[in-house]
Amino acid sequence: MRLRIQRTTWPRPALVLTDTPRPDCPDCRGEGGHNRDYGDYETGEYAGTEWDPCPCWDENRSWVLLPLPRLPRRRQPHVDPWGNGYSDEPPF
């Protein structure tokens with residue numbers, strides 16, 4: 001098990017201690033799994049991609065170390081780029 005600290009935003013902002021893939025794994029070469037494309041059974045067209053995790057790590061193994069506060073969003077007032085209102089003069 002190789003641990004690292006990571007910032008997460010779901011389900012709420014927090015610092016978590018999480019497992020990472022083995023960098024010397026012969027199956028995934030440290031990527032943690034493989035993407036597998038699949039097609040529609042009727043047409044054979046591309047239908048999506050599935051993630052197959054490697055058994056060298058568990059992507060669901062994590063522990064919350066520190067919940068972070070949710071910062072309020074700052075609202076910027078609407079600013080007219082042409083000055084204080086509208087003008088009937090042409091822009092040239």
# chains A, B, ... in the order shown; residues from 1 in each chain; ligands from 1
call {"tool": "residues_around", "arguments": {"residues": "range 70-76 of chain A", "least_positions_apart": "2", "cutoff": "12 Å", "atoms": "only C-alpha atoms", "output": "VMD selection string"}}
result
chain A and resid 9 to 14 67 to 68 78 to 79
call {"tool": "write_last_selection", "arguments": {"atoms": "C-alpha atoms", "output": "short mmCIF file (atom, residue, chain, number, x, y, z; two decimals), in the first residue's frame"}}
result
data_model
loop_
_atom_site.label_atom_id
_atom_site.label_comp_id
_atom_site.auth_asym_id
_atom_site.auth_seq_id
_atom_site.Cartn_x
_atom_site.Cartn_y
_atom_site.Cartn_z
CA THR A 9 -14.19 18.17 -3.71
CA TRP A 10 -16.84 15.46 -3.57
CA PRO A 11 -18.98 14.95 -1.51
CA ARG A 12 -17.43 17.96 0.24
CA PRO A 13 -13.99 19.64 0.18
CA ALA A 14 -11.45 17.71 2.25
CA PRO A 67 -12.56 18.60 6.18
CA LEU A 68 -12.08 21.94 4.41
CA HIS A 78 -22.08 43.70 -13.78
CA VAL A 79 -19.70 46.17 -15.35
#
call {"tool": "residues_around", "arguments": {"residues": "Trp51 in chain A", "least_positions_apart": "3", "cutoff": "8 Å", "atoms": "only C-alpha atoms", "output": "NGL selection string"}}
result
:A and (33-36)
call {"tool": "residues_around", "arguments": {"residues": "Trp57 in chain A", "least_positions_apart": "2", "cutoff": "9 Å", "atoms": "only C-alpha atoms", "output": "short mmCIF file (atom, residue, chain, number, x, y, z; two decimals) with C-alpha atoms, in the first residue's frame"}}
result
data_model
loop_
_atom_site.label_atom_id
_atom_site.label_comp_id
_atom_site.auth_asym_id
_atom_site.auth_seq_id
_atom_site.Cartn_x
_atom_site.Cartn_y
_atom_site.Cartn_z
CA MET A 1 0.00 0.00 0.00
CA ARG A 2 1.37 3.41 -1.07
CA ASP A 19 -3.99 4.58 -1.78
CA THR A 20 -1.98 4.81 -5.01
CA PRO A 21 -1.13 2.13 -7.58
CA ARG A 22 2.18 0.30 -7.36
CA GLY A 32 -3.95 1.75 -11.69
CA PRO A 53 -9.03 -1.20 -12.06
CA CYS A 54 -5.90 -3.20 -11.40
CA PRO A 55 -5.80 -5.46 -8.31
CA GLU A 59 -9.36 3.14 -5.58
CA ASN A 60 -12.06 3.25 -2.88
CA ARG A 61 -9.59 3.07 0.03
#
call {"tool": "decode", "arguments": {"residues": "range 50-81 of chain A", "atoms": "N, CA and C atoms", "output": "short mmCIF file (atom, residue, chain, number, x, y, z; two decimals), in the first residue's frame"}}
result
data_model
loop_
_atom_site.label_atom_id
_atom_site.label_comp_id
_atom_site.auth_asym_id
_atom_site.auth_seq_id
_atom_site.Cartn_x
_atom_site.Cartn_y
_atom_site.Cartn_z
N GLU A 50 -15.01 1.74 -20.53
CA GLU A 50 -15.09 1.30 -19.14
C GLU A 50 -13.70 1.29 -18.54
N TRP A 51 -13.63 1.53 -17.24
CA TRP A 51 -12.38 1.52 -16.50
C TRP A 51 -12.29 0.21 -15.74
N ASP A 52 -11.25 -0.57 -16.02
CA ASP A 52 -11.00 -1.80 -15.29
C ASP A 52 -9.85 -1.56 -14.33
N PRO A 53 -10.12 -1.45 -13.02
CA PRO A 53 -9.03 -1.20 -12.06
C PRO A 53 -8.13 -2.42 -11.91
N CYS A 54 -6.89 -2.15 -11.62
CA CYS A 54 -5.90 -3.20 -11.40
C CYS A 54 -5.99 -3.69 -9.95
N PRO A 55 -5.75 -4.97 -9.70
CA PRO A 55 -5.80 -5.46 -8.31
C PRO A 55 -4.64 -4.98 -7.43
N CYS A 56 -3.69 -4.22 -7.97
CA CYS A 56 -2.55 -3.77 -7.16
C CYS A 56 -2.94 -2.62 -6.24
N TRP A 57 -4.16 -2.07 -6.37
CA TRP A 57 -4.59 -0.98 -5.50
C TRP A 57 -6.09 -0.97 -5.40
N ASP A 58 -6.59 -0.27 -4.40
CA ASP A 58 -8.03 -0.14 -4.20
C ASP A 58 -8.37 1.34 -4.29
N GLU A 59 -9.07 1.73 -5.37
CA GLU A 59 -9.36 3.14 -5.58
C GLU A 59 -10.39 3.68 -4.60
N ASN A 60 -11.07 2.82 -3.87
CA ASN A 60 -12.06 3.25 -2.88
C ASN A 60 -11.48 3.36 -1.47
N ARG A 61 -10.22 3.02 -1.29
CA ARG A 61 -9.59 3.07 0.03
C ARG A 61 -9.06 4.48 0.28
N SER A 62 -9.76 5.23 1.12
CA SER A 62 -9.32 6.58 1.48
C SER A 62 -9.88 6.95 2.84
N TRP A 63 -9.17 7.83 3.52
CA TRP A 63 -9.57 8.28 4.85
C TRP A 63 -9.52 9.79 4.87
N VAL A 64 -10.57 10.42 5.37
CA VAL A 64 -10.62 11.88 5.46
C VAL A 64 -9.71 12.32 6.60
N LEU A 65 -8.76 13.19 6.29
CA LEU A 65 -7.86 13.72 7.30
C LEU A 65 -8.37 15.05 7.87
N LEU A 66 -8.82 15.93 6.96
CA LEU A 66 -9.20 17.27 7.38
C LEU A 66 -10.31 17.79 6.47
N PRO A 67 -11.52 17.96 7.00
CA PRO A 67 -12.56 18.60 6.18
C PRO A 67 -12.20 20.08 5.96
N LEU A 68 -12.39 20.55 4.75
CA LEU A 68 -12.08 21.94 4.41
C LEU A 68 -13.38 22.75 4.36
N PRO A 69 -13.32 24.02 4.73
CA PRO A 69 -14.55 24.83 4.69
C PRO A 69 -14.94 25.13 3.25
N ARG A 70 -16.23 25.29 3.05
CA ARG A 70 -16.73 25.69 1.74
C ARG A 70 -16.67 27.21 1.67
N LEU A 71 -15.96 27.71 0.70
CA LEU A 71 -15.82 29.15 0.55
C LEU A 71 -17.00 29.69 -0.23
N PRO A 72 -17.55 30.82 0.20
CA PRO A 72 -18.67 31.39 -0.56
C PRO A 72 -18.18 31.91 -1.90
N ARG A 73 -19.03 31.80 -2.88
CA ARG A 73 -18.69 32.32 -4.20
C ARG A 73 -18.79 33.83 -4.20
N ARG A 74 -17.82 34.45 -4.79
CA ARG A 74 -17.82 35.91 -4.87
C ARG A 74 -18.59 36.33 -6.11
N ARG A 75 -19.53 37.20 -5.91
CA ARG A 75 -20.31 37.70 -7.03
C ARG A 75 -19.72 39.03 -7.48
N GLN A 76 -19.43 39.11 -8.76
CA GLN A 76 -18.89 40.35 -9.30
C GLN A 76 -20.03 41.16 -9.88
N PRO A 77 -20.06 42.45 -9.59
CA PRO A 77 -21.13 43.27 -10.15
C PRO A 77 -20.98 43.38 -11.66
N HIS A 78 -22.10 43.55 -12.33
CA HIS A 78 -22.08 43.70 -13.78
C HIS A 78 -21.43 45.03 -14.13
N VAL A 79 -20.43 44.97 -14.95
CA VAL A 79 -19.70 46.17 -15.35
C VAL A 79 -19.91 46.38 -16.85
N ASP A 80 -20.37 47.56 -17.19
CA ASP A 80 -20.56 47.91 -18.60
C ASP A 80 -19.20 48.25 -19.20
N PRO A 81 -18.74 47.53 -20.24
CA PRO A 81 -17.40 47.79 -20.78
C PRO A 81 -17.30 49.11 -21.53
#
